[in-house]
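Q: The file below is structure.pdb, PDB, C-alpha atoms and all ligand atoms:
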ATOM      1  CA  MET V 627      -9.599  16.246  18.857
ATOM      2  CA  ARG V 628      -8.968  13.870  21.724
ATOM      3  CA  ARG V 629      -5.457  12.525  22.221
ATOM      4  CA  ALA V 630      -5.549   8.912  23.272
ATOM      5  CA  ASP V 631      -3.096   6.828  25.224
ATOM      6  CA  ILE V 632      -2.880   4.176  22.535
ATOM      7  CA  GLN V 633       0.088   2.705  20.700
ATOM      8  CA  CYS V 634       0.744   3.511  17.041
ATOM      9  CA  PRO V 635       1.315   0.256  15.094
ATOM     10  CA  VAL V 636       4.085   1.832  12.960
ATOM     11  CA  CYS V 637       6.337   3.917  15.251
ATOM     12  CA  LEU V 638       5.112   2.042  18.380
ATOM     13  CA  PHE V 639       4.996   5.286  20.380
ATOM     14  CA  SER V 640       2.095   5.551  22.830
ATOM     15  CA  GLY V 641       0.218   8.733  23.587
ATOM     16  CA  TYR V 642       0.766  10.520  20.281
ATOM     17  CA  SER V 643      -2.424   9.545  18.466
ATOM     18  CA  ASP V 644      -5.301  11.961  17.906
ATOM     19  CA  PHE V 645      -8.820  10.894  17.050
ATOM     20  CA  LEU V 646      -9.297  11.578  13.330
ATOM     21  CA  CYS V 647     -12.682  10.190  12.285
ATOM     22  CA  GLU V 648     -15.113   7.314  12.664
ATOM     23  CA  VAL V 649     -16.079   5.230   9.655
ATOM     24  CA  ARG V 650     -18.619   2.373   9.809
ATOM     25  CA  GLY V 651     -18.143   1.975  13.550
ATOM     26  CA  PHE V 652     -14.322   1.924  13.368
ATOM     27  CA  ASP V 653     -12.386   4.732  15.088
ATOM     28  CA  ILE V 654      -9.384   6.036  13.166
ATOM     29  CA  TYR V 655      -6.501   7.865  14.845
ATOM     30  CA  ASN V 656      -3.607   9.894  13.446
ATOM     31  CA  CYS V 657      -0.131   9.531  14.954
ATOM     32  CA  ALA V 658       1.741  12.781  15.572
ATOM     33  CA  LYS V 659       5.116  10.965  15.509
ATOM     34  CA  CYS V 660       5.068   9.131  12.176
ATOM     35  CA  ALA V 661       1.898  10.560  10.553
ATOM     36  CA  ALA V 662       0.250   7.102  10.201
ATOM     37  CA  ASP V 663      -3.546   6.934  10.405
ATOM     38  CA  HIS V 664      -4.596   3.722  12.110
ATOM     39  CA  VAL V 665      -7.748   1.898  13.161
ATOM     40  CA  TYR V 666      -8.077   1.438  16.908
ATOM     41  CA  PRO V 667      -8.832  -1.021  18.365
ATOM     42  CA  MET V 668      -7.243  -3.099  15.630
ATOM     43  CA  PRO V 669      -9.517  -6.007  14.534
ATOM     44  CA  ALA V 670      -8.123  -9.506  15.213
ATOM     45  CA  GLU V 671      -6.422 -11.347  12.312
ATOM     46  CA  GLU V 672      -9.114 -14.090  12.299
ATOM     47  CA  VAL V 673     -11.824 -11.448  11.933
ATOM     48  CA  LEU V 674      -9.976  -9.845   9.033
ATOM     49  CA  LYS V 675      -9.430 -13.174   7.277
ATOM     50  CA  ARG V 676     -13.174 -13.871   7.312
ATOM     51  CA  TYR V 677     -13.768 -10.655   5.363
ATOM     52  CA  TYR V 678     -11.294 -11.636   2.651
ATOM     53  CA  ASP V 679     -12.367 -15.246   2.252
ATOM     54  CA  SER V 680     -15.648 -14.323   0.631
ATOM     55  CA  SER V 681     -15.629 -14.041  -3.169
ATOM     56  CA  SER V 682     -17.744 -10.894  -2.731
ATOM     57  CA  TYR V 683     -14.559  -9.036  -1.736
ATOM     58  CA  TYR V 684     -13.309  -9.523  -5.283
ATOM     59  CA  GLN V 685     -16.561  -8.797  -7.093
ATOM     60  CA  GLY V 686     -17.868  -5.640  -5.473
ATOM     61  CA  GLU V 687     -20.587  -6.916  -3.172
ATOM     62  CA  ASP V 688     -18.790  -5.646  -0.058
ATOM     63  CA  PHE V 689     -18.310  -2.043   0.963
ATOM     64  CA  GLY V 690     -14.787  -0.978   0.054
ATOM     65  CA  ALA V 691     -14.062  -4.186  -1.820
ATOM     66  CA  TYR V 692     -13.070  -4.505  -5.449
ATOM     67  CA  GLU V 693     -15.872  -3.744  -7.895
ATOM     68  CA  ASP V 694     -14.043  -5.690 -10.526
ATOM     69  CA  TYR V 695     -10.629  -7.047  -9.533
ATOM     70  CA  ASP V 696      -9.196  -7.341 -13.053
ATOM     71  CA  LEU V 697     -10.391  -3.899 -14.117
ATOM     72  CA  GLN V 698      -9.194  -2.142 -10.974
ATOM     73  CA  THR V 699      -5.767  -3.753 -10.953
ATOM     74  CA  ALA V 700      -5.141  -2.901 -14.638
ATOM     75  CA  PRO V 701      -3.196   0.349 -13.850
ATOM     76  CA  THR V 702      -0.701  -1.518 -11.655
ATOM     77  CA  VAL V 703      -0.160  -4.096 -14.417
ATOM     78  CA  SER V 704       1.499  -1.388 -16.570
ATOM     79  CA  LEU V 705       3.569  -0.314 -13.546
ATOM     80  CA  VAL V 706       4.705  -3.920 -13.077
ATOM     81  CA  ASP V 707       5.594  -4.153 -16.767
ATOM     82  CA  SER V 708       7.948  -1.169 -16.518
ATOM     83  CA  LEU V 709       9.447  -2.476 -13.250
ATOM     84  CA  LEU V 710      10.095  -5.905 -14.707
ATOM     85  CA  ASP V 711      11.678  -4.379 -17.810
ATOM     86  CA  ALA V 712      14.070  -2.404 -15.604
ATOM     87  CA  TYR V 713      15.171  -5.552 -13.748
ATOM     88  CA  SER V 714      15.100  -8.027 -16.636
ATOM     89  CA  VAL V 715      18.531  -6.861 -17.866
ATOM     90  CA  ARG V 716      20.168  -8.959 -15.136
ATOM     91  CA  GLY V 717      19.097 -12.313 -16.572
ATOM     92  CA  LYS V 718      16.750 -14.779 -14.873
ATOM     93  CA  GLN V 719      15.195 -13.111 -11.861
ATOM     94  CA  SER V 720      12.825 -14.130  -9.111
ATOM     95  CA  ILE V 721       9.747 -12.258  -7.949
ATOM     96  CA  LEU V 722       7.516 -12.623  -4.919
ATOM     97  CA  ASP V 723       4.194 -10.801  -5.245
ATOM     98  CA  ILE V 724       2.530 -10.493  -1.849
ATOM     99  CA  GLY V 725      -1.249 -10.161  -2.042
ATOM    100  CA  CYS V 726      -1.065 -11.417  -5.615
ATOM    101  CA  GLY V 727      -4.871 -11.695  -5.972
ATOM    102  CA  TYR V 728      -5.747 -13.364  -9.263
ATOM    103  CA  GLY V 729      -2.055 -13.329 -10.299
ATOM    104  CA  SER V 730      -2.181 -10.655 -13.006
ATOM    105  CA  HIS V 731       1.230  -9.218 -11.993
ATOM    106  CA  LEU V 732       2.841 -12.637 -11.802
ATOM    107  CA  ALA V 733       1.555 -13.396 -15.310
ATOM    108  CA  CYS V 734       3.629 -10.431 -16.605
ATOM    109  CA  ALA V 735       6.740 -11.797 -14.862
ATOM    110  CA  ALA V 736       6.086 -15.343 -16.122
ATOM    111  CA  ASP V 737       5.930 -13.986 -19.698
ATOM    112  CA  ARG V 738       9.478 -12.678 -19.216
ATOM    113  CA  GLY V 739      10.719 -16.019 -17.920
ATOM    114  CA  TRP V 740      11.003 -14.980 -14.261
ATOM    115  CA  GLU V 741      10.727 -17.455 -11.410
ATOM    116  CA  CYS V 742       7.344 -16.522  -9.937
ATOM    117  CA  HIS V 743       6.027 -16.879  -6.408
ATOM    118  CA  GLY V 744       2.949 -15.326  -4.842
ATOM    119  CA  ILE V 745       1.222 -15.078  -1.481
ATOM    120  CA  GLU V 746      -2.536 -14.714  -1.357
ATOM    121  CA  VAL V 747      -4.414 -15.011   1.906
ATOM    122  CA  SER V 748      -7.849 -15.315   0.285
ATOM    123  CA  ASP V 749      -8.915 -18.877  -0.636
ATOM    124  CA  HIS V 750     -10.986 -17.493  -3.489
ATOM    125  CA  GLY V 751      -8.152 -15.319  -4.881
ATOM    126  CA  ARG V 752      -5.676 -18.219  -4.657
ATOM    127  CA  SER V 753      -7.906 -20.664  -6.493
ATOM    128  CA  VAL V 754      -8.380 -18.210  -9.395
ATOM    129  CA  ALA V 755      -4.589 -17.599  -9.496
ATOM    130  CA  HIS V 756      -3.978 -21.383  -9.638
ATOM    131  CA  GLN V 757      -6.455 -21.756 -12.517
ATOM    132  CA  ARG V 758      -4.943 -18.868 -14.479
ATOM    133  CA  LEU V 759      -1.226 -19.469 -13.903
ATOM    134  CA  GLY V 760      -0.989 -23.243 -13.488
ATOM    135  CA  GLU V 761       2.663 -24.320 -13.280
ATOM    136  CA  GLU V 762       4.012 -20.868 -14.136
ATOM    137  CA  ALA V 763       3.787 -19.586 -10.573
ATOM    138  CA  ARG V 764       3.700 -21.003  -7.098
ATOM    139  CA  VAL V 765       1.002 -19.261  -5.062
ATOM    140  CA  VAL V 766       0.805 -20.044  -1.340
ATOM    141  CA  GLU V 767      -1.306 -18.876   1.573
ATOM    142  CA  SER V 768       1.375 -17.494   3.896
ATOM    143  CA  VAL V 769       5.076 -16.690   4.209
ATOM    144  CA  ASP V 770       5.870 -19.942   6.042
ATOM    145  CA  ARG V 771       4.794 -21.944   2.965
ATOM    146  CA  LEU V 772       7.393 -20.219   0.746
ATOM    147  CA  PRO V 773      10.538 -22.077  -0.316
ATOM    148  CA  ARG V 774      13.668 -20.925   1.546
ATOM    149  CA  MET V 775      15.193 -18.562  -0.999
ATOM    150  CA  ALA V 776      16.181 -14.932  -1.563
ATOM    151  CA  PHE V 777      14.121 -12.928  -4.030
ATOM    152  CA  ASP V 778      15.365 -10.248  -6.409
ATOM    153  CA  LEU V 779      12.100  -8.334  -6.326
ATOM    154  CA  ILE V 780       9.335  -8.386  -3.697
ATOM    155  CA  THR V 781       6.191  -6.441  -4.546
ATOM    156  CA  LEU V 782       3.269  -5.384  -2.372
ATOM    157  CA  PHE V 783       0.782  -3.507  -4.516
ATOM    158  CA  ASP V 784      -1.905  -1.882  -2.375
ATOM    159  CA  VAL V 785      -1.315  -4.469   0.347
ATOM    160  CA  ILE V 786       0.461  -2.735   3.233
ATOM    161  CA  GLU V 787      -2.647  -0.705   4.169
ATOM    162  CA  HIS V 788      -4.491  -4.007   4.776
ATOM    163  CA  LEU V 789      -1.998  -5.298   7.380
ATOM    164  CA  PRO V 790      -2.644  -4.701  11.114
ATOM    165  CA  SER V 791       1.154  -4.344  11.558
ATOM    166  CA  PRO V 792       3.807  -3.762   8.897
ATOM    167  CA  TYR V 793       6.388  -5.595  11.017
ATOM    168  CA  SER V 794       5.131  -9.159  11.349
ATOM    169  CA  LEU V 795       5.169  -9.832   7.595
ATOM    170  CA  ILE V 796       8.410  -8.022   6.757
ATOM    171  CA  CYS V 797      10.300  -9.450   9.750
ATOM    172  CA  GLU V 798       9.232 -12.950   8.760
ATOM    173  CA  LEU V 799      10.561 -12.324   5.249
ATOM    174  CA  PHE V 800      13.895 -11.286   6.780
ATOM    175  CA  VAL V 801      13.967 -14.365   9.028
ATOM    176  CA  ARG V 802      13.361 -16.700   6.082
ATOM    177  CA  GLY V 803      16.116 -15.043   4.044
ATOM    178  CA  ALA V 804      13.603 -13.807   1.437
ATOM    179  CA  ILE V 805      14.936 -10.232   1.812
ATOM    180  CA  THR V 806      18.713  -9.827   1.452
ATOM    181  CA  PRO V 807      20.728  -6.620   0.848
ATOM    182  CA  GLU V 808      20.312  -7.362  -2.893
ATOM    183  CA  THR V 809      16.494  -7.522  -2.712
ATOM    184  CA  THR V 810      14.370  -4.599  -3.874
ATOM    185  CA  LEU V 811      11.065  -4.104  -2.108
ATOM    186  CA  VAL V 812       8.397  -2.206  -4.048
ATOM    187  CA  MET V 813       5.162  -0.995  -2.451
ATOM    188  CA  THR V 814       2.233   1.092  -3.547
ATOM    189  CA  THR V 815      -0.507   2.480  -1.322
ATOM    190  CA  PRO V 816      -3.076   5.307  -1.256
ATOM    191  CA  ASN V 817      -1.488   8.534   0.027
ATOM    192  CA  ALA V 818      -2.896   9.342   3.467
ATOM    193  CA  GLY V 819      -0.979  12.624   3.350
ATOM    194  CA  SER V 820      -2.792  13.773   0.200
ATOM    195  CA  ASP V 821      -4.910  16.921   0.121
ATOM    196  CA  ASP V 822      -7.997  14.770  -0.465
ATOM    197  CA  ALA V 823      -7.304  12.595   2.588
ATOM    198  CA  ARG V 824      -6.525  15.531   4.881
ATOM    199  CA  LYS V 825      -9.375  17.753   3.702
ATOM    200  CA  ASN V 826     -12.114  15.371   4.739
ATOM    201  CA  PRO V 827     -10.604  12.347   6.534
ATOM    202  CA  GLY V 828     -13.879  10.484   7.083
ATOM    203  CA  LYS V 829     -15.032  10.802   3.468
ATOM    204  CA  TRP V 830     -11.691  10.013   1.804
ATOM    205  CA  LYS V 831     -12.289   7.443  -0.946
ATOM    206  CA  TYR V 832      -9.692   4.975   0.404
ATOM    207  CA  ARG V 833     -10.936   5.103   3.986
ATOM    208  CA  TYR V 834     -12.542   1.718   4.260
ATOM    209  CA  PRO V 835     -11.973  -0.115   7.473
ATOM    210  CA  PRO V 836     -11.654  -2.988   8.257
ATOM    211  CA  TYR V 837     -10.072  -3.661   4.828
ATOM    212  CA  HIS V 838      -7.713  -0.711   5.163
ATOM    213  CA  VAL V 839      -6.415  -0.556   8.723
ATOM    214  CA  ILE V 840      -3.220   1.539   8.508
ATOM    215  CA  TYR V 841      -3.010   4.541   6.165
ATOM    216  CA  TYR V 842       0.503   5.649   5.139
ATOM    217  CA  SER V 843       1.929   8.964   4.052
ATOM    218  CA  ALA V 844       5.440   9.624   2.720
ATOM    219  CA  GLU V 845       6.702  10.494   6.239
ATOM    220  CA  THR V 846       5.374   7.194   7.601
ATOM    221  CA  PHE V 847       7.203   5.222   4.915
ATOM    222  CA  GLU V 848      10.445   7.096   5.417
ATOM    223  CA  PHE V 849      10.258   6.346   9.125
ATOM    224  CA  LEU V 850       9.382   2.678   8.619
ATOM    225  CA  PHE V 851      12.050   1.903   6.024
ATOM    226  CA  LYS V 852      14.785   3.738   7.929
ATOM    227  CA  ARG V 853      13.895   1.638  10.940
ATOM    228  CA  MET V 854      14.187  -1.498   8.856
ATOM    229  CA  GLN V 855      17.696  -0.364   7.891
ATOM    230  CA  PHE V 856      17.062   0.014   4.163
ATOM    231  CA  SER V 857      19.954   2.053   2.764
ATOM    232  CA  SER V 858      18.283   3.175  -0.452
ATOM    233  CA  ILE V 859      14.742   4.494  -0.081
ATOM    234  CA  GLU V 860      12.892   6.215  -2.887
ATOM    235  CA  ILE V 861       9.342   7.523  -2.344
ATOM    236  CA  VAL V 862       7.467   9.075  -5.252
ATOM    237  CA  GLY V 863       3.913  10.328  -5.721
ATOM    238  CA  GLN V 864       1.592   8.599  -8.177
ATOM    239  CA  TYR V 865      -1.558   9.870  -9.896
ATOM    240  CA  SER V 866      -1.521  13.671  -9.576
ATOM    241  CA  LEU V 867      -4.640  15.254  -8.062
ATOM    242  CA  TYR V 868      -3.911  18.353 -10.181
ATOM    243  CA  PRO V 869      -3.265  16.988 -13.685
ATOM    244  CA  TRP V 870      -2.954  20.467 -15.201
ATOM    245  CA  MET V 871       0.058  21.291 -12.992
ATOM    246  CA  LYS V 872       3.631  20.581 -14.041
ATOM    247  CA  GLU V 873       5.210  17.677 -12.172
ATOM    248  CA  PRO V 874       6.943  16.908  -9.853
ATOM    249  CA  LEU V 875       4.518  18.336  -7.303
ATOM    250  CA  PRO V 876       4.682  18.285  -3.474
ATOM    251  CA  MET V 877       3.788  14.844  -2.118
ATOM    252  CA  SER V 878       0.406  16.043  -0.787
ATOM    253  CA  ARG V 879      -0.782  16.563  -4.359
ATOM    254  CA  TYR V 880      -0.659  12.882  -5.287
ATOM    255  CA  ASP V 881      -3.384  10.307  -4.779
ATOM    256  CA  GLY V 882      -0.965   7.419  -4.309
ATOM    257  CA  LEU V 883       2.588   6.594  -3.223
ATOM    258  CA  LEU V 884       5.215   4.301  -4.727
ATOM    259  CA  VAL V 885       8.140   3.205  -2.570
ATOM    260  CA  ARG V 886      11.269   1.404  -3.714
ATOM    261  CA  ALA V 887      13.688   0.260  -1.016
ATOM    262  CA  GLY V 888      16.796  -1.906  -0.995
ATOM    263  CA  GLY V 889      20.066  -2.636   0.766
ATOM    264  CA  SER V 890      18.754  -3.691   4.187
ATOM    265  CA  THR V 891      21.082  -5.799   6.309
ATOM    266  CA  LEU V 892      18.449  -6.526   8.952
ATOM    267  CA  GLY V 893      18.257 -10.146   7.762
ATOM    268  CA  GLU V 894      21.599 -10.868   9.490
ATOM    269  CA  PHE V 895      20.192  -9.736  12.848
ATOM    270  CA  PHE V 896      17.101 -11.926  12.500
ATOM    271  CA  ALA V 897      18.997 -14.966  11.232
ATOM    272  CA  LYS V 898      21.339 -14.767  14.269
ATOM    273  CA  ARG V 899      18.536 -14.397  16.823
ATOM    274  CA  VAL V 900      16.360 -17.119  15.343
ATOM    275  CA  ASN V 901      19.355 -19.478  15.082
ATOM    276  CA  GLU V 902      20.002 -18.805  18.768
ATOM    277  CA  GLY V 903      16.569 -20.286  19.459
ATOM    278  CA  ALA V 904      14.274 -17.240  19.466
ATOM    279  CA  SER V 905      10.911 -17.303  17.724
ATOM    280  CA  ILE V 906      10.123 -14.700  15.048
ATOM    281  CA  GLU V 907       8.001 -12.758  17.558
ATOM    282  CA  GLN V 908      10.794 -12.833  20.156
ATOM    283  CA  ALA V 909      13.387 -11.717  17.587
ATOM    284  CA  THR V 910      11.091  -8.890  16.423
ATOM    285  CA  ARG V 911      10.474  -7.756  19.988
ATOM    286  CA  CYS V 912      14.197  -7.901  20.768
ATOM    287  CA  TRP V 913      14.955  -5.747  17.686
ATOM    288  CA  GLN V 914      12.200  -3.293  18.586
ATOM    289  CA  GLN V 915      13.694  -2.880  22.054
ATOM    290  CA  SER V 916      17.209  -2.372  20.673
ATOM    291  CA  THR V 917      18.847   1.019  20.163
ATOM    292  CA  ALA V 918      18.996   0.432  16.407
ATOM    293  CA  PHE V 919      15.187   0.603  16.390
ATOM    294  CA  GLN V 920      14.712   3.386  18.930
ATOM    295  CA  ASN V 921      17.232   5.793  17.434
ATOM    296  CA  VAL V 922      15.364   6.548  14.226
ATOM    297  CA  GLU V 923      13.664   9.885  14.675
ATOM    298  CA  ALA V 924      10.441  10.774  12.965
ATOM    299  CA  SER V 925      10.565  13.708  10.541
ATOM    300  CA  PRO V 926       8.742  16.758  11.819
ATOM    301  CA  ARG V 927       5.088  16.240  11.149
ATOM    302  CA  PRO V 928       3.695  18.297   8.272
ATOM    303  CA  PRO V 929       0.813  20.515   9.407
ATOM    304  CA  LEU V 930      -2.658  19.319   8.491
ATOM    305  CA  ARG V 931      -3.726  21.967   6.032
ATOM    306  CA  LEU V 932      -6.415  22.553   3.482
ATOM    307  CA  PRO V 933      -5.354  22.224  -0.151
ATOM    308  CA  TRP V 934      -4.475  25.409  -1.967
ATOM    309  CA  LEU V 935      -7.779  27.178  -2.415
ATOM    310  CA  GLY V 936      -6.904  28.546  -5.848
ATOM    311  CA  SER V 937      -6.409  25.131  -7.429
ATOM    312  CA  ARG V 938      -9.736  23.844  -6.070
ATOM    313  CA  LEU V 939     -11.496  26.883  -7.539
ATOM    314  CA  VAL V 940      -9.839  26.374 -10.921
ATOM    315  CA  PHE V 941     -10.902  22.721 -10.834
ATOM    316  CA  ARG V 942     -14.511  23.611 -10.020
ATOM    317  CA  LEU V 943     -14.644  26.326 -12.694
ATOM    318  CA  TYR V 944     -13.246  23.873 -15.231
ATOM    319  CA  GLY V 945     -16.075  21.445 -14.351
ATOM    320  CA  TYR V 946     -18.737  24.136 -14.780
ATOM    321  CA  LEU V 947     -17.270  25.279 -18.100
ATOM    322  CA  LYS V 948     -17.290  21.716 -19.386
ATOM    323  CA  LYS V 949     -20.954  21.366 -18.377
ATOM    324  CA  ILE V 950     -21.890  24.688 -20.041
ATOM    325  CA  LYS V 951     -20.129  23.640 -23.261
ATOM    326  CA  PHE V 952     -22.067  20.352 -23.251
ATOM    327  CA  LEU V 953     -25.371  22.173 -22.729
ATOM    328  CA  ARG V 954     -24.553  24.531 -25.611
ATOM    329  CA  LEU V 955     -23.789  21.603 -27.941
ATOM    330  CA  ALA V 956     -27.024  19.852 -26.878
ATOM    331  CA  LYS V 957     -29.026  23.020 -27.525
ATOM    332  CA  ARG V 958     -27.452  23.408 -30.974
ATOM    333  CA  TRP V 959     -28.336  19.787 -31.801
ATOM    334  CA  VAL V 960     -31.989  20.240 -30.690
ATOM    335  CA  VAL V 961     -32.322  23.456 -32.742
ATOM    336  CA  ARG V 962     -30.899  21.655 -35.782
ATOM    337  CA  GLN V 963     -33.351  18.732 -35.366
ATOM    338  CA  VAL V 964     -36.319  21.102 -35.011
ATOM    339  CA  GLY V 965     -35.199  23.083 -38.056
ATOM    340  CA  LYS V 966     -35.146  19.959 -40.295
TER     341      LYS V 966
HETATM  342 ZN    ZN I1001       3.263   6.505  14.748
END
I need this file expressed as structure tokens, please.
Ligand SMILES: [Zn+2]
A:
Amino acid sequence: MRRADIQCPVCLFSGYSDFLCEVRGFDIYNCAKCAADHVYPMPAEEVLKRYYDSSSYYQGEDFGAYEDYDLQTAPTVSLVDSLLDAYSVRGKQSILDIGCGYGSHLACAADRGWECHGIEVSDHGRSVAHQRLGEEARVVESVDRLPRMAFDLITLFDVIEHLPSPYSLICELFVRGAITPETTLVMTTPNAGSDDARKNPGKWKYRYPPYHVIYYSAETFEFLFKRMQFSSIEIVGQYSLYPWMKEPLPMSRYDGLLVRAGGSTLGEFFAKRVNEGASIEQATRCWQQSTAFQNVEASPRPPLRLPWLGSRLVFRLYGYLKKIKFLRLAKRWVVRQVGK
């Protein structure tokens, strides 16, 4: 381990990051303050955009890209369905899906009569969304192309890990009045605090820089959302790594994380600063230098530990037993064929 004097893009503390692994020429560090894993040096935004503009990102020709966008996003479509059902009781609602891809989540909201907006940075993804959704949703390239309005629900499904900083996007949403205290923000992301991720950081299945540049665990999210003054924060694990165990399990035993946050009044701060003539970057910097930002303490970092040995053994034994049973069935079939 070598501790580096570099700044963590989530807690912004310098000098707390340890070298974790190197993947495809990208160095990844782990922050001891907020538990975020982050690529360093962070690739420039223009470089990242070039990766996403190719249609190969959506059809599996790139390392770490989608093998089949529709197929791989199918599990989140059912999650969106249940979310939308929970919110639909309030009458006509508005949704903003950030990183909306081909628009499969927005299609669910449009079916329920919601006002639908999406942001998709990829030219290819946006053109497919336009073809599929037509007038039912407005899909734009960036936050500054959105209409000035507050949204009831803002979703980022497996998006936050792609952003070089969580702040620039979310602060801009506050500045534009898209997030109010009534807005619920919902995010999903692979769990960087999972047993799988910690056991072998360089081989973890979601470790694909430069597509994924910041890797979040539950502690990182708690830290981030407290800093952004969200009053209700709910973080739950998704997709158990130990399906035979009774849930709920400790957070490290889940493959993914789902965060729901609401009640942030940070929009008032940004609106005031920007109205006083500051740019979004200046307002963000001013907030980050303020005591409101500095006073949020990180939770004590959970120790990096190997998963419980017993459960891995049970899992392996189960695999062997399944194989043996298959071999026995195959043998029985061959014997029967020979006997005929
Ligand atoms: Zn940090």
Q: Taking all atoms listed in the file into account, name the residue in V:Gln855, V:Ser704, V:Thr917, V:Ser843 that is nearest to ligand ZN 1001 (chain I).
A: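 Residue with the minimum atom-to-atom distance to ligand ZN 1001 (chain I): V:Ser843.
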Q: Find the residue from V:Ala918, V:Ala763, V:Val964, V:Ile859 that sits nearest to Leu811 of chain V; use only C-alpha atoms when measuring.
A: V:Ile859
Q: For ligand ZN 1001 (chain I), which of V:Lys659, V:His731, V:Arg758, V:Arg650 is the closest residue, counting only C-alpha atoms and all ligand atoms?
A: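 With only C-alpha atoms and all ligand atoms as the atom set, the closest residue is V:Lys659.
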Q: Quick one: everything within 12 Å of Arg752 of chain V, counting all atoms listed in the file, minus sequence neighbours fewer than 4 positions away in the same chain. Send it as a VMD selection string.
A: chain V and resid 678 to 681 684 724 to 730 743 to 748 756 to 760 763 to 768
Q: Let me make sure I understand: among V:Ser820, V:Thr809, V:Ser857, V:Thr846, which one has the smallest atom-to-atom distance to ligand ZN 1001 (chain I) if we use only C-alpha atoms and all ligand atoms?
A: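 Checking each candidate against ligand ZN 1001 (chain I), we get V:Thr846 as the closest.
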Q: Select all residues near (1.3, -10.3, 5.1) (cut-off 8 Å, inclusive, file coordinates), counting all atoms listed in the file, and output them as JSON, numbers by chain.
A: {"V": [724, 725, 768, 769, 785, 786, 789, 792, 794, 795, 796]}
Q: What does the list of residues within 8 Å of ligand ZN 1001 (chain I) look like if you count only C-alpha atoms and all ligand atoms, written as a ChimeraX atom specification?
A: /V:633-639,642-643,656-662,846
Q: Got time to write the residues from that selection, C-alpha atoms, as a compact mmCIF listing (two decimals), keeping the file's coordinate frame?
A:
# COMPACT_ATOMS: atom_id res chain seq x y z
CA GLN V 633 0.09 2.70 20.70
CA CYS V 634 0.74 3.51 17.04
CA PRO V 635 1.32 0.26 15.09
CA VAL V 636 4.08 1.83 12.96
CA CYS V 637 6.34 3.92 15.25
CA LEU V 638 5.11 2.04 18.38
CA PHE V 639 5.00 5.29 20.38
CA TYR V 642 0.77 10.52 20.28
CA SER V 643 -2.42 9.54 18.47
CA ASN V 656 -3.61 9.89 13.45
CA CYS V 657 -0.13 9.53 14.95
CA ALA V 658 1.74 12.78 15.57
CA LYS V 659 5.12 10.96 15.51
CA CYS V 660 5.07 9.13 12.18
CA ALA V 661 1.90 10.56 10.55
CA ALA V 662 0.25 7.10 10.20
CA THR V 846 5.37 7.19 7.60
Q: As a list in words, please: the residues near Met668 of chain V (cut-off 12 Å, all atoms listed in the file, same-chain neighbours under 3 positions excluded).
A: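 Contacts, in chain order: Ile632, Gln633, Cys634, Pro635, Phe652, Asp653, Ile654, Tyr655, Asp663, His664, Val665, Glu671, Glu672, Val673, Leu674, His788, Leu789, Pro790, Ser791, Pro835, Pro836, Tyr837, His838, Val839 and Ile840 of chain V.
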Q: Between atom CA of Asp881 of chain V and atom CA of Pro827 of chain V, what is the spacing in Å?
A: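 Here the two named atoms are 13.6 Å from each other.
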Q: Mind checking which residues fall within 7 Å of segment 705-720 of chain V, counting only C-alpha atoms, ignoring those fewer than 4 positions away in the same chain, and posting them as a ChimeraX atom specification?
A: /V:701,731,734-735,739-742,777-779
Q: Kindly give the distance, in Å, that separates atom CA of Gln920 of chain V and atom CA of Leu883 of chain V, rounded to a single decimal.
A: 25.5 Å
Q: Please enumerate the residues selected by the PyMOL selection byres (((chain V and resi 913) around 12) and not hetatm) when evaluated against the supplied file, formatted as a PyMOL selection string.
A: chain V and resi 793+797+853-855+892-900+904+906-912+914-921
Q: Specify as a VMD selection string each residue included when the PyMOL selection byres (((chain V and resi 877) around 10) and not hetatm) is applied to this file.
A: chain V and resid 817 819 to 821 843 to 845 861 to 864 866 874 to 876 878 to 883
Q: Could you pull the residues within 7 Å of Gly803 of chain V, counting only C-alpha atoms, minus those fewer than 5 positions along the same chain, as a list in words?
A: Arg774, Met775, Ala776 and Gly893 of chain V
Q: Pick out the closest residue to Ile721 of chain V from this set: V:Ser890, V:Thr814, V:Ile780, V:Pro869. Count only C-alpha atoms.
A: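 For Ile721 of chain V, the nearest of the given residues is V:Ile780.
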Q: Given all atoms listed in the file as the basis, pick out the residue of V:Gly965, V:Phe856, V:Leu782, V:Tyr666 nearest to Leu722 of chain V.
A: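 Result for the nearest residue to Leu722 of chain V: V:Leu782.
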Q: When the PyMOL selection byres (((chain V and resi 832) around 10) and not hetatm) is applied to the structure above, which residues does it catch, written out as a list in words?
A: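 On this input, the PyMOL selection byres (((chain V and resi 832) around 10) and not hetatm) captures Gly690, Glu787, Thr815, Pro816, Asn817, Ala818, Asp822, Ala823, Pro827, Gly828, Lys829, Trp830, Lys831, Arg833, Tyr834, Pro835, Tyr837, His838, Tyr841 and Asp881 of chain V.
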Q: By how many Å are atom CA of Phe645 of chain V and atom CA of Phe847 of chain V apart?
A: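 Computed distance, atom CA of Phe645 of chain V to atom CA of Phe847 of chain V, equals 20.9 Å.
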